[in-house]
Every structure is written in C-alpha cells, then in structure tokens.
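Dropping structure_34.tsv in here (TSV, N, CA and C atoms and all ligand atoms):
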chain	number	residue	atom	x	y	z
A	167	MET	N	-7.20	-3.21	-19.89
A	167	MET	CA	-7.13	-3.16	-18.43
A	167	MET	C	-6.74	-4.53	-17.89
A	168	LYS	N	-6.03	-4.54	-16.77
A	168	LYS	CA	-5.58	-5.80	-16.23
A	168	LYS	C	-5.47	-5.71	-14.71
A	169	LYS	N	-5.89	-6.79	-14.04
A	169	LYS	CA	-5.82	-6.84	-12.59
A	169	LYS	C	-4.40	-7.18	-12.16
A	170	VAL	N	-3.85	-6.41	-11.23
A	170	VAL	CA	-2.46	-6.66	-10.82
A	170	VAL	C	-2.32	-7.02	-9.35
A	171	TYR	N	-3.38	-6.79	-8.56
A	171	TYR	CA	-3.23	-7.01	-7.13
A	171	TYR	C	-4.60	-7.15	-6.49
A	172	THR	N	-4.73	-8.05	-5.51
A	172	THR	CA	-5.97	-8.12	-4.74
A	172	THR	C	-5.63	-8.20	-3.26
A	173	HIS	N	-6.47	-7.58	-2.46
A	173	HIS	CA	-6.29	-7.65	-1.01
A	173	HIS	C	-7.61	-7.29	-0.36
A	174	GLU	N	-7.89	-7.89	0.81
A	174	GLU	CA	-9.15	-7.60	1.48
A	174	GLU	C	-9.07	-6.32	2.31
A	175	ASN	N	-7.86	-5.84	2.52
A	175	ASN	CA	-7.66	-4.66	3.35
A	175	ASN	C	-7.52	-3.42	2.46
A	176	LEU	N	-8.45	-2.48	2.64
A	176	LEU	CA	-8.46	-1.28	1.79
A	176	LEU	C	-7.18	-0.47	1.96
A	177	THR	N	-6.64	-0.44	3.17
A	177	THR	CA	-5.41	0.31	3.41
A	177	THR	C	-4.26	-0.26	2.57
A	178	MET	N	-4.19	-1.60	2.52
A	178	MET	CA	-3.14	-2.23	1.73
A	178	MET	C	-3.31	-1.91	0.25
A	179	LEU	N	-4.57	-1.93	-0.20
A	179	LEU	CA	-4.83	-1.61	-1.60
A	179	LEU	C	-4.43	-0.18	-1.92
A	180	GLN	N	-4.74	0.71	-1.00
A	180	GLN	CA	-4.41	2.11	-1.25
A	180	GLN	C	-2.90	2.33	-1.22
A	181	THR	N	-2.21	1.56	-0.37
A	181	THR	CA	-0.75	1.62	-0.36
A	181	THR	C	-0.21	1.17	-1.71
A	182	ALA	N	-0.75	0.06	-2.19
A	182	ALA	CA	-0.32	-0.48	-3.48
A	182	ALA	C	-0.60	0.51	-4.61
A	183	LYS	N	-1.78	1.13	-4.54
A	183	LYS	CA	-2.18	2.09	-5.57
A	183	LYS	C	-1.23	3.29	-5.56
A	184	GLY	N	-0.88	3.74	-4.35
A	184	GLY	CA	0.05	4.86	-4.23
A	184	GLY	C	1.41	4.55	-4.82
A	185	LEU	N	1.86	3.32	-4.60
A	185	LEU	CA	3.16	2.90	-5.13
A	185	LEU	C	3.16	2.98	-6.66
A	186	LEU	N	2.07	2.49	-7.25
A	186	LEU	CA	2.00	2.49	-8.71
A	186	LEU	C	1.89	3.92	-9.24
A	187	GLU	N	1.09	4.72	-8.57
A	187	GLU	CA	0.92	6.10	-9.04
A	187	GLU	C	2.23	6.87	-8.95
A	188	ASN	N	3.00	6.60	-7.89
A	188	ASN	CA	4.31	7.24	-7.75
A	188	ASN	C	5.25	6.85	-8.88
A	189	SER	N	5.01	5.66	-9.44
A	189	SER	CA	5.86	5.18	-10.52
A	189	SER	C	5.27	5.52	-11.89
A	190	GLY	N	4.21	6.29	-11.88
A	190	GLY	CA	3.62	6.73	-13.14
A	190	GLY	C	2.72	5.72	-13.81
A	191	VAL	N	2.27	4.70	-13.04
A	191	VAL	CA	1.36	3.69	-13.59
A	191	VAL	C	-0.08	4.11	-13.30
A	192	ASP	N	-0.88	4.20	-14.34
A	192	ASP	CA	-2.26	4.62	-14.22
A	192	ASP	C	-3.11	3.44	-13.70
A	193	CYS	N	-3.66	3.57	-12.51
A	193	CYS	CA	-4.38	2.44	-11.93
A	193	CYS	C	-5.62	2.87	-11.17
A	194	PHE	N	-6.46	1.90	-10.83
A	194	PHE	CA	-7.69	2.19	-10.10
A	194	PHE	C	-8.12	0.97	-9.28
A	195	VAL	N	-8.94	1.20	-8.26
A	195	VAL	CA	-9.39	0.14	-7.37
A	195	VAL	C	-10.81	-0.28	-7.75
A	196	LYS	N	-11.03	-1.59	-7.83
A	196	LYS	CA	-12.38	-2.12	-8.05
A	196	LYS	C	-12.92	-2.66	-6.72
A	197	ASN	N	-14.23	-2.66	-6.60
A	197	ASN	CA	-14.92	-3.20	-5.42
A	197	ASN	C	-14.72	-2.33	-4.18
A	198	GLU	N	-14.24	-1.11	-4.36
A	198	GLU	CA	-13.92	-0.27	-3.22
A	198	GLU	C	-15.15	-0.04	-2.34
A	199	PHE	N	-16.29	0.16	-2.94
A	199	PHE	CA	-17.49	0.48	-2.17
A	199	PHE	C	-17.97	-0.70	-1.33
A	200	HIS	N	-17.63	-1.93	-1.74
A	200	HIS	CA	-18.02	-3.09	-0.95
A	200	HIS	C	-17.39	-3.05	0.43
A	201	ALA	N	-16.15	-2.58	0.47
A	201	ALA	CA	-15.40	-2.59	1.72
A	201	ALA	C	-16.01	-1.63	2.73
A	202	SER	N	-16.48	-0.50	2.26
A	202	SER	CA	-17.03	0.48	3.20
A	202	SER	C	-18.51	0.24	3.45
A	203	GLY	N	-19.20	-0.32	2.47
A	203	GLY	CA	-20.64	-0.53	2.60
A	203	GLY	C	-20.97	-1.70	3.51
A	204	GLY	N	-20.44	-2.85	3.19
A	204	GLY	CA	-20.64	-4.03	4.02
A	204	GLY	C	-22.06	-4.56	4.02
A	205	HIS	N	-22.86	-4.19	3.02
A	205	HIS	CA	-24.24	-4.65	2.99
A	205	HIS	C	-24.52	-5.54	1.78
A	206	VAL	N	-23.50	-6.12	1.23
A	206	VAL	CA	-23.69	-6.95	0.03
A	206	VAL	C	-23.95	-8.41	0.38
A	207	GLY	N	-23.91	-8.74	1.68
A	207	GLY	CA	-24.22	-10.10	2.07
A	207	GLY	C	-23.04	-11.04	1.99
A	208	LEU	N	-21.88	-10.50	1.67
A	208	LEU	CA	-20.68	-11.33	1.62
A	208	LEU	C	-19.75	-10.94	2.77
A	209	GLU	N	-19.11	-11.94	3.31
A	209	GLU	CA	-18.21	-11.69	4.45
A	209	GLU	C	-17.10	-10.73	4.05
A	210	SER	N	-16.47	-11.04	2.94
A	210	SER	CA	-15.41	-10.15	2.47
A	210	SER	C	-15.29	-10.23	0.96
A	211	VAL	N	-15.32	-9.09	0.33
A	211	VAL	CA	-15.11	-9.02	-1.11
A	211	VAL	C	-13.70	-8.50	-1.33
A	212	PRO	N	-12.83	-9.34	-1.91
A	212	PRO	CA	-11.46	-8.87	-2.12
A	212	PRO	C	-11.44	-7.63	-3.00
A	213	LEU	N	-10.70	-6.66	-2.57
A	213	LEU	CA	-10.54	-5.46	-3.39
A	213	LEU	C	-9.54	-5.77	-4.49
A	214	GLU	N	-9.72	-5.12	-5.62
A	214	GLU	CA	-8.84	-5.39	-6.75
A	214	GLU	C	-8.21	-4.11	-7.25
A	215	LEU	N	-6.93	-4.21	-7.55
A	215	LEU	CA	-6.21	-3.08	-8.14
A	215	LEU	C	-5.94	-3.39	-9.60
A	216	TRP	N	-6.39	-2.50	-10.46
A	216	TRP	CA	-6.26	-2.71	-11.91
A	216	TRP	C	-5.42	-1.59	-12.53
A	217	VAL	N	-4.70	-1.95	-13.58
A	217	VAL	CA	-4.02	-0.93	-14.36
A	217	VAL	C	-4.82	-0.68	-15.64
A	218	HIS	N	-4.87	0.56	-16.07
A	218	HIS	CA	-5.62	0.90	-17.29
A	218	HIS	C	-4.94	0.29	-18.51
A	219	ASN	N	-3.63	0.39	-18.53
A	219	ASN	CA	-2.86	-0.10	-19.68
A	219	ASN	C	-2.28	-1.47	-19.36
A	220	SER	N	-2.72	-2.51	-20.07
A	220	SER	CA	-2.25	-3.87	-19.80
A	220	SER	C	-0.74	-3.99	-19.92
A	221	ALA	N	-0.13	-3.12	-20.71
A	221	ALA	CA	1.32	-3.16	-20.88
A	221	ALA	C	2.04	-2.79	-19.57
A	222	ASP	N	1.32	-2.10	-18.70
A	222	ASP	CA	1.92	-1.71	-17.41
A	222	ASP	C	1.84	-2.83	-16.38
A	223	ALA	N	1.07	-3.86	-16.67
A	223	ALA	CA	0.77	-4.88	-15.66
A	223	ALA	C	2.03	-5.56	-15.12
A	224	GLU	N	2.93	-5.93	-16.02
A	224	GLU	CA	4.12	-6.64	-15.59
A	224	GLU	C	4.98	-5.76	-14.67
A	225	THR	N	5.14	-4.51	-15.07
A	225	THR	CA	5.88	-3.55	-14.26
A	225	THR	C	5.21	-3.39	-12.90
A	226	ALA	N	3.91	-3.26	-12.93
A	226	ALA	CA	3.15	-3.03	-11.70
A	226	ALA	C	3.29	-4.21	-10.74
A	227	ILE	N	3.17	-5.42	-11.26
A	227	ILE	CA	3.22	-6.61	-10.41
A	227	ILE	C	4.60	-6.76	-9.77
A	228	SER	N	5.65	-6.59	-10.56
A	228	SER	CA	7.00	-6.74	-9.99
A	228	SER	C	7.28	-5.63	-8.99
A	229	LEU	N	6.77	-4.45	-9.26
A	229	LEU	CA	6.93	-3.32	-8.34
A	229	LEU	C	6.25	-3.62	-7.00
A	230	LEU	N	5.02	-4.10	-7.08
A	230	LEU	CA	4.26	-4.40	-5.87
A	230	LEU	C	4.89	-5.54	-5.09
A	231	GLU	N	5.35	-6.55	-5.80
A	231	GLU	CA	5.98	-7.69	-5.12
A	231	GLU	C	7.21	-7.26	-4.33
A	232	SER	N	8.04	-6.46	-4.95
A	232	SER	CA	9.27	-6.04	-4.27
A	232	SER	C	8.97	-5.07	-3.14
A	233	GLU	N	8.09	-4.11	-3.41
A	233	GLU	CA	7.80	-3.09	-2.40
A	233	GLU	C	7.03	-3.66	-1.21
A	234	LEU	N	5.97	-4.42	-1.49
A	234	LEU	CA	5.10	-4.87	-0.42
A	234	LEU	C	5.72	-5.99	0.39
A	235	SER	N	6.52	-6.83	-0.22
A	235	SER	CA	7.16	-7.90	0.54
A	235	SER	C	8.25	-7.30	1.43
A	236	GLU	N	8.86	-6.25	0.95
A	236	GLU	CA	9.90	-5.57	1.72
A	236	GLU	C	9.28	-4.94	2.96
A	237	GLN	N	8.13	-4.35	2.78
A	237	GLN	CA	7.46	-3.66	3.88
A	237	GLN	C	7.11	-4.59	5.02
A	238	SER	N	6.72	-5.82	4.68
A	238	SER	CA	6.26	-6.73	5.72
A	238	SER	C	7.39	-7.13	6.67
A	239	ASP	N	8.64	-6.92	6.23
A	239	ASP	CA	9.78	-7.27	7.07
A	239	ASP	C	10.12	-6.16	8.07
A	240	LYS	N	9.60	-4.99	7.82
A	240	LYS	CA	9.97	-3.85	8.66
A	240	LYS	C	9.14	-3.81	9.94
A	241	PRO	N	9.77	-3.70	11.09
A	241	PRO	CA	9.03	-3.60	12.33
A	241	PRO	C	8.46	-2.20	12.52
A	242	ALA	N	7.45	-2.11	13.35
A	242	ALA	CA	6.91	-0.79	13.69
A	242	ALA	C	7.98	0.00	14.43
A	243	TRP	N	7.90	1.32	14.35
A	243	TRP	CA	8.92	2.14	15.00
A	243	TRP	C	8.28	3.31	15.74
A	244	ILE	N	9.00	3.80	16.72
A	244	ILE	CA	8.50	4.91	17.54
A	244	ILE	C	9.18	6.20	17.08
A	245	CYS	N	8.40	7.21	16.82
A	245	CYS	CA	8.94	8.49	16.39
A	245	CYS	C	9.80	9.10	17.50
A	246	SER	N	10.98	9.55	17.10
A	246	SER	CA	11.90	10.11	18.09
A	246	SER	C	11.44	11.49	18.58
A	247	LYS	N	10.57	12.11	17.82
A	247	LYS	CA	10.13	13.46	18.17
A	247	LYS	C	8.84	13.47	18.99
A	248	CYS	N	7.79	12.79	18.46
A	248	CYS	CA	6.49	12.88	19.14
A	248	CYS	C	6.09	11.57	19.81
A	249	LYS	N	6.95	10.52	19.71
A	249	LYS	CA	6.74	9.24	20.40
A	249	LYS	C	5.54	8.45	19.89
A	250	GLU	N	5.04	8.82	18.72
A	250	GLU	CA	3.95	8.04	18.14
A	250	GLU	C	4.51	6.77	17.52
A	251	GLU	N	3.70	5.69	17.58
A	251	GLU	CA	4.12	4.47	16.92
A	251	GLU	C	3.73	4.52	15.45
A	252	ASN	N	4.69	4.15	14.60
A	252	ASN	CA	4.43	4.17	13.15
A	252	ASN	C	4.58	2.78	12.57
A	253	ASP	N	3.76	2.47	11.57
A	253	ASP	CA	3.89	1.21	10.86
A	253	ASP	C	5.25	1.12	10.20
A	254	GLY	N	5.79	-0.09	10.09
A	254	GLY	CA	7.10	-0.28	9.50
A	254	GLY	C	7.20	0.18	8.05
A	255	SER	N	6.06	0.28	7.39
A	255	SER	CA	6.06	0.69	5.99
A	255	SER	C	6.22	2.20	5.83
A	256	PHE	N	6.02	2.96	6.95
A	256	PHE	CA	6.13	4.41	6.87
A	256	PHE	C	7.59	4.83	6.98
A	257	GLU	N	8.02	5.68	6.09
A	257	GLU	CA	9.38	6.19	6.18
A	257	GLU	C	9.45	7.44	7.04
A	258	THR	N	8.31	8.12	7.13
A	258	THR	CA	8.25	9.29	8.00
A	258	THR	C	7.05	9.16	8.92
A	259	CYS	N	7.12	9.83	10.07
A	259	CYS	CA	6.04	9.78	11.06
A	259	CYS	C	4.74	10.30	10.46
A	260	TRP	N	3.64	9.55	10.67
A	260	TRP	CA	2.36	9.95	10.11
A	260	TRP	C	1.85	11.22	10.78
A	261	LYS	N	2.35	11.47	11.99
A	261	LYS	CA	1.82	12.59	12.77
A	261	LYS	C	2.61	13.88	12.57
A	262	CYS	N	3.94	13.78	12.66
A	262	CYS	CA	4.75	15.00	12.60
A	262	CYS	C	5.74	15.01	11.44
A	263	GLN	N	5.72	13.98	10.60
A	263	GLN	CA	6.55	13.89	9.39
A	263	GLN	C	8.05	13.82	9.67
A	264	THR	N	8.41	13.49	10.91
A	264	THR	CA	9.83	13.29	11.20
A	264	THR	C	10.30	11.99	10.55
A	265	GLU	N	11.48	12.01	9.96
A	265	GLU	CA	11.98	10.82	9.30
A	265	GLU	C	12.35	9.73	10.31
A	266	ASN	N	12.15	8.48	9.91
A	266	ASN	CA	12.50	7.37	10.78
A	266	ASN	C	14.02	7.21	10.82
A	267	ALA	N	14.60	7.46	11.95
A	267	ALA	CA	16.07	7.41	12.08
A	267	ALA	C	16.59	6.01	11.82
A	268	ALA	N	15.82	5.00	12.18
A	268	ALA	CA	16.26	3.60	12.02
A	268	ALA	C	16.42	3.25	10.54
A	269	THR	N	15.60	3.84	9.67
A	269	THR	CA	15.70	3.57	8.24
A	269	THR	C	17.05	4.03	7.70
A	270	GLU	N	17.51	5.17	8.18
A	270	GLU	CA	18.79	5.70	7.70
A	270	GLU	C	19.94	4.78	8.13
A	271	GLN	N	19.84	4.27	9.35
A	271	GLN	CA	20.90	3.40	9.85
A	271	GLN	C	20.93	2.09	9.07
A	272	ALA	N	19.76	1.58	8.73
A	272	ALA	CA	19.67	0.29	8.04
A	272	ALA	C	20.29	0.35	6.66
A	273	SER	N	20.14	1.45	5.99
A	273	SER	CA	20.66	1.57	4.64
A	273	SER	C	22.04	2.17	4.64
B	301	ZN	ZN	6.31	12.04	15.05

Before we go any further, please render this structure as structure tokens.
Amino acid sequence: MKKVYTHENLTMLQTAKGLLENSGVDCFVKNEFHASGGHVGLESVPLELWVHNSADAETAISLLESELSEQSDKPAWICSKCKEENDGSFETCWKCQTENAATEQAS
C-alpha cells in the first residue's frame, strides 16, 4: 500500500478517489472519520488517499497531478438549462446532468 494524495477537504479527496477508480486503480481513503467526527482534538487531520497496490502509485500520482491541476483552472459555470451554478471541475450539471456547453467550445 502507498499514499498518493493528501488533502484536508473530503470533497477533494473523494474527487481524487473517483478519478483513480475510473482508471481502474484500487484505492481507499484514510482518516475519513476524522473529517466528519471533529472530536479528535486536532484542528484538521489531513485526509489521505492510498492505493492498495504500490505499483499503481506512480500512475495514480501522475493522474491526479494532471487531472486536479487542470480542474483548478476551470471557472465555475452556469447551467444553460436550469441556471444552477456548477463547479469548474464538473463536466455536467450536478442538478439536471446537462453537459457544460463551454467545455465543448474549449476543446
Ligand atoms: Zn442544470
């Protein structure tokens, strides 16, 4: 097992975990309960994303670096159908699953 990513935000960790799972990398989150419990006496316990197979670590890290750094450049967008604001990392509206038209134009 090998640690490939840490973040204090559970949402970011789950995004990272989803990316790896989509790529067929077997992974899991450590310290997850600290984030929701908040009774351990520490201000923030960084969450950790681990891969079961250490051989996957290099693939996982490069995947996360490219995917997550790319996401941070994307601005939030407004759904053309339901007018909900979506995070730049979402390719489709979280509410109605309409595709982000701006993503198509960019590529
Ligand atoms: Zn929508």

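In this model, the gap between atom C of Glu250 in chain A and CA of Ala267 in chain A comes to 12.8 Å.
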
Could you give me, as CSV, a per-residue list for chain A showing, wherever an atom lies at most 6 Å from an atom of ligand ZN 301 (chain B), the closest pair of atoms and their distance in Å to one decimal, using all atoms listed in the file and sorting by chain then residue number from low to high?
residue,atom,partner,partner_atom,distance
A:Cys245,CA,B:ZN301,ZN,4.6
A:Ser246,N,B:ZN301,ZN,5.7
A:Lys247,C,B:ZN301,ZN,4.9
A:Cys248,N,B:ZN301,ZN,3.8
A:Lys249,N,B:ZN301,ZN,4.9
A:Glu250,N,B:ZN301,ZN,5.0
A:Cys259,CA,B:ZN301,ZN,4.6
A:Trp260,N,B:ZN301,ZN,5.7
A:Lys261,C,B:ZN301,ZN,4.8
A:Cys262,N,B:ZN301,ZN,3.8
A:Gln263,N,B:ZN301,ZN,4.9
A:Thr264,N,B:ZN301,ZN,4.9

Discussion item. For a test of reading the model, state the distance in Å between atom N of Glu265 in chain A and CA of Lys240 in chain A, rounded to one decimal.
Written reply: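 Taking atom N of Glu265 in chain A as the start and CA of Lys240 in chain A as the end point, the length is 16.0 Å.
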
Discussion item. Just list as a ChimeraX atom specification whatever in range 209-272 of chain A DSSP marks as helix (DSSP H, G or I).
Written reply: /A:220-238,267-272

Give me a file of those residues, with N, CA and C atoms, as a PDB file, in the frame of the given file.
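Contents of again_4.pdb, as written:
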ATOM      1  N   SER A 220      -2.720  -2.510 -20.070  1.00  0.00           N
ATOM      2  CA  SER A 220      -2.250  -3.870 -19.800  1.00  0.00           C
ATOM      3  C   SER A 220      -0.740  -3.990 -19.920  1.00  0.00           C
ATOM      4  N   ALA A 221      -0.130  -3.120 -20.710  1.00  0.00           N
ATOM      5  CA  ALA A 221       1.320  -3.160 -20.880  1.00  0.00           C
ATOM      6  C   ALA A 221       2.040  -2.790 -19.570  1.00  0.00           C
ATOM      7  N   ASP A 222       1.320  -2.100 -18.700  1.00  0.00           N
ATOM      8  CA  ASP A 222       1.920  -1.710 -17.410  1.00  0.00           C
ATOM      9  C   ASP A 222       1.840  -2.830 -16.380  1.00  0.00           C
ATOM     10  N   ALA A 223       1.070  -3.860 -16.670  1.00  0.00           N
ATOM     11  CA  ALA A 223       0.770  -4.880 -15.660  1.00  0.00           C
ATOM     12  C   ALA A 223       2.030  -5.560 -15.120  1.00  0.00           C
ATOM     13  N   GLU A 224       2.930  -5.930 -16.020  1.00  0.00           N
ATOM     14  CA  GLU A 224       4.120  -6.640 -15.590  1.00  0.00           C
ATOM     15  C   GLU A 224       4.980  -5.760 -14.670  1.00  0.00           C
ATOM     16  N   THR A 225       5.140  -4.510 -15.070  1.00  0.00           N
ATOM     17  CA  THR A 225       5.880  -3.550 -14.260  1.00  0.00           C
ATOM     18  C   THR A 225       5.210  -3.390 -12.900  1.00  0.00           C
ATOM     19  N   ALA A 226       3.910  -3.260 -12.930  1.00  0.00           N
ATOM     20  CA  ALA A 226       3.150  -3.030 -11.700  1.00  0.00           C
ATOM     21  C   ALA A 226       3.290  -4.210 -10.740  1.00  0.00           C
ATOM     22  N   ILE A 227       3.170  -5.420 -11.260  1.00  0.00           N
ATOM     23  CA  ILE A 227       3.220  -6.610 -10.410  1.00  0.00           C
ATOM     24  C   ILE A 227       4.600  -6.760  -9.770  1.00  0.00           C
ATOM     25  N   SER A 228       5.650  -6.590 -10.560  1.00  0.00           N
ATOM     26  CA  SER A 228       7.000  -6.740  -9.990  1.00  0.00           C
ATOM     27  C   SER A 228       7.280  -5.630  -8.990  1.00  0.00           C
ATOM     28  N   LEU A 229       6.770  -4.450  -9.260  1.00  0.00           N
ATOM     29  CA  LEU A 229       6.930  -3.320  -8.340  1.00  0.00           C
ATOM     30  C   LEU A 229       6.250  -3.620  -7.000  1.00  0.00           C
ATOM     31  N   LEU A 230       5.020  -4.100  -7.080  1.00  0.00           N
ATOM     32  CA  LEU A 230       4.260  -4.400  -5.870  1.00  0.00           C
ATOM     33  C   LEU A 230       4.890  -5.540  -5.090  1.00  0.00           C
ATOM     34  N   GLU A 231       5.350  -6.550  -5.800  1.00  0.00           N
ATOM     35  CA  GLU A 231       5.980  -7.690  -5.120  1.00  0.00           C
ATOM     36  C   GLU A 231       7.210  -7.260  -4.330  1.00  0.00           C
ATOM     37  N   SER A 232       8.040  -6.460  -4.950  1.00  0.00           N
ATOM     38  CA  SER A 232       9.270  -6.040  -4.270  1.00  0.00           C
ATOM     39  C   SER A 232       8.970  -5.070  -3.140  1.00  0.00           C
ATOM     40  N   GLU A 233       8.090  -4.110  -3.410  1.00  0.00           N
ATOM     41  CA  GLU A 233       7.800  -3.090  -2.400  1.00  0.00           C
ATOM     42  C   GLU A 233       7.030  -3.660  -1.210  1.00  0.00           C
ATOM     43  N   LEU A 234       5.970  -4.420  -1.490  1.00  0.00           N
ATOM     44  CA  LEU A 234       5.100  -4.870  -0.420  1.00  0.00           C
ATOM     45  C   LEU A 234       5.720  -5.990   0.390  1.00  0.00           C
ATOM     46  N   SER A 235       6.520  -6.830  -0.220  1.00  0.00           N
ATOM     47  CA  SER A 235       7.160  -7.900   0.540  1.00  0.00           C
ATOM     48  C   SER A 235       8.250  -7.300   1.430  1.00  0.00           C
ATOM     49  N   GLU A 236       8.860  -6.250   0.950  1.00  0.00           N
ATOM     50  CA  GLU A 236       9.900  -5.570   1.720  1.00  0.00           C
ATOM     51  C   GLU A 236       9.280  -4.940   2.960  1.00  0.00           C
ATOM     52  N   GLN A 237       8.130  -4.350   2.780  1.00  0.00           N
ATOM     53  CA  GLN A 237       7.460  -3.660   3.880  1.00  0.00           C
ATOM     54  C   GLN A 237       7.110  -4.590   5.020  1.00  0.00           C
ATOM     55  N   SER A 238       6.720  -5.820   4.680  1.00  0.00           N
ATOM     56  CA  SER A 238       6.260  -6.730   5.720  1.00  0.00           C
ATOM     57  C   SER A 238       7.390  -7.130   6.670  1.00  0.00           C
ATOM     58  N   ALA A 267      14.600   7.460  11.950  1.00  0.00           N
ATOM     59  CA  ALA A 267      16.070   7.410  12.080  1.00  0.00           C
ATOM     60  C   ALA A 267      16.590   6.010  11.820  1.00  0.00           C
ATOM     61  N   ALA A 268      15.820   5.000  12.180  1.00  0.00           N
ATOM     62  CA  ALA A 268      16.260   3.600  12.020  1.00  0.00           C
ATOM     63  C   ALA A 268      16.420   3.250  10.540  1.00  0.00           C
ATOM     64  N   THR A 269      15.600   3.840   9.670  1.00  0.00           N
ATOM     65  CA  THR A 269      15.700   3.570   8.240  1.00  0.00           C
ATOM     66  C   THR A 269      17.050   4.030   7.700  1.00  0.00           C
ATOM     67  N   GLU A 270      17.510   5.170   8.180  1.00  0.00           N
ATOM     68  CA  GLU A 270      18.790   5.700   7.700  1.00  0.00           C
ATOM     69  C   GLU A 270      19.940   4.780   8.130  1.00  0.00           C
ATOM     70  N   GLN A 271      19.840   4.270   9.350  1.00  0.00           N
ATOM     71  CA  GLN A 271      20.900   3.400   9.850  1.00  0.00           C
ATOM     72  C   GLN A 271      20.930   2.090   9.070  1.00  0.00           C
ATOM     73  N   ALA A 272      19.760   1.580   8.730  1.00  0.00           N
ATOM     74  CA  ALA A 272      19.670   0.290   8.040  1.00  0.00           C
ATOM     75  C   ALA A 272      20.290   0.350   6.660  1.00  0.00           C
TER      76      ALA A 272
END

Item to complete: Considering only N, CA and C atoms, state which residue in the set A:Glu187, A:Asp192, A:Glu214, A:Glu251 is at the smallest distance from Lys169 in chain A.
Response: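 Smallest distance to Lys169 in chain A is found for A:Glu214.
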
Worksheet item: In Å, with one decimal, what is the gap from atom N of Leu234 in chain A to atom N of Val195 in chain A?
Response: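 Atom-to-atom, atom N of Leu234 in chain A to atom N of Val195 in chain A, that is 17.3 Å.
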
Worksheet item: If you count all atoms listed in the file, which residues fall within 6 Å of Gly254 in chain A, apart from same-chain ones fewer than 2 positions away, as a list in words?
Response: Gln237, Lys240, Pro241, Ala242, Trp243, Asn252, Phe256 and Glu257 of chain A

Selection above as a file: N, CA and C atoms, as an mmCIF file, keeping the file's coordinate frame:
data_model
loop_
_atom_site.group_PDB
_atom_site.id
_atom_site.type_symbol
_atom_site.label_atom_id
_atom_site.label_comp_id
_atom_site.auth_asym_id
_atom_site.auth_seq_id
_atom_site.Cartn_x
_atom_site.Cartn_y
_atom_site.Cartn_z
ATOM 1 N N GLN A 237 8.130 -4.350 2.780
ATOM 2 C CA GLN A 237 7.460 -3.660 3.880
ATOM 3 C C GLN A 237 7.110 -4.590 5.020
ATOM 4 N N LYS A 240 9.600 -4.990 7.820
ATOM 5 C CA LYS A 240 9.970 -3.850 8.660
ATOM 6 C C LYS A 240 9.140 -3.810 9.940
ATOM 7 N N PRO A 241 9.770 -3.700 11.090
ATOM 8 C CA PRO A 241 9.030 -3.600 12.330
ATOM 9 C C PRO A 241 8.460 -2.200 12.520
ATOM 10 N N ALA A 242 7.450 -2.110 13.350
ATOM 11 C CA ALA A 242 6.910 -0.790 13.690
ATOM 12 C C ALA A 242 7.980 0.000 14.430
ATOM 13 N N TRP A 243 7.900 1.320 14.350
ATOM 14 C CA TRP A 243 8.920 2.140 15.000
ATOM 15 C C TRP A 243 8.280 3.310 15.740
ATOM 16 N N ASN A 252 4.690 4.150 14.600
ATOM 17 C CA ASN A 252 4.430 4.170 13.150
ATOM 18 C C ASN A 252 4.580 2.780 12.570
ATOM 19 N N PHE A 256 6.020 2.960 6.950
ATOM 20 C CA PHE A 256 6.130 4.410 6.870
ATOM 21 C C PHE A 256 7.590 4.830 6.980
ATOM 22 N N GLU A 257 8.020 5.680 6.090
ATOM 23 C CA GLU A 257 9.380 6.190 6.180
ATOM 24 C C GLU A 257 9.450 7.440 7.040
#

Worksheet entry | DSSP-assigned strand (DSSP E) among range 210-269 of chain A, expressed as a ChimeraX atom specification | /A:213-217,243-244,251-252

Fill in: Among listed residues A:Asp253, A:Ile244, A:Asn266, A:Glu233, nearest Ala182 in chain A (using only C-alpha atoms)
A:Glu233

Show which residues sit within 8 Å of Ala223 in chain A, as an mmCIF file with N, CA and C atoms, in the frame of the given file. Count only N, CA and C atoms, and ignore same-chain residues fewer than 4 positions away.
data_model
loop_
_atom_site.group_PDB
_atom_site.id
_atom_site.type_symbol
_atom_site.label_atom_id
_atom_site.label_comp_id
_atom_site.auth_asym_id
_atom_site.auth_seq_id
_atom_site.Cartn_x
_atom_site.Cartn_y
_atom_site.Cartn_z
ATOM 1 N N MET A 167 -7.200 -3.210 -19.890
ATOM 2 C CA MET A 167 -7.130 -3.160 -18.430
ATOM 3 C C MET A 167 -6.740 -4.530 -17.890
ATOM 4 N N LYS A 168 -6.030 -4.540 -16.770
ATOM 5 C CA LYS A 168 -5.580 -5.800 -16.230
ATOM 6 C C LYS A 168 -5.470 -5.710 -14.710
ATOM 7 N N LYS A 169 -5.890 -6.790 -14.040
ATOM 8 C CA LYS A 169 -5.820 -6.840 -12.590
ATOM 9 C C LYS A 169 -4.400 -7.180 -12.160
ATOM 10 N N VAL A 170 -3.850 -6.410 -11.230
ATOM 11 C CA VAL A 170 -2.460 -6.660 -10.820
ATOM 12 C C VAL A 170 -2.320 -7.020 -9.350
ATOM 13 N N TRP A 216 -6.390 -2.500 -10.460
ATOM 14 C CA TRP A 216 -6.260 -2.710 -11.910
ATOM 15 C C TRP A 216 -5.420 -1.590 -12.530
ATOM 16 N N VAL A 217 -4.700 -1.950 -13.580
ATOM 17 C CA VAL A 217 -4.020 -0.930 -14.360
ATOM 18 C C VAL A 217 -4.820 -0.680 -15.640
ATOM 19 N N HIS A 218 -4.870 0.560 -16.070
ATOM 20 C CA HIS A 218 -5.620 0.900 -17.290
ATOM 21 C C HIS A 218 -4.940 0.290 -18.510
ATOM 22 N N ASN A 219 -3.630 0.390 -18.530
ATOM 23 C CA ASN A 219 -2.860 -0.100 -19.680
ATOM 24 C C ASN A 219 -2.280 -1.470 -19.360
ATOM 25 N N ILE A 227 3.170 -5.420 -11.260
ATOM 26 C CA ILE A 227 3.220 -6.610 -10.410
ATOM 27 C C ILE A 227 4.600 -6.760 -9.770
ATOM 28 N N SER A 228 5.650 -6.590 -10.560
ATOM 29 C CA SER A 228 7.000 -6.740 -9.990
ATOM 30 C C SER A 228 7.280 -5.630 -8.990
ATOM 31 N N LEU A 229 6.770 -4.450 -9.260
ATOM 32 C CA LEU A 229 6.930 -3.320 -8.340
ATOM 33 C C LEU A 229 6.250 -3.620 -7.000
#

Practice prompt. Determine the nearest neighbour of Leu185 in chain A from the options A:Leu230, A:Pro212, A:Ser235, A:Thr172, counting only N, CA and C atoms.
Written response: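 When distances to Leu185 in chain A are compared using only N, CA and C atoms, the smallest one comes from A:Leu230.
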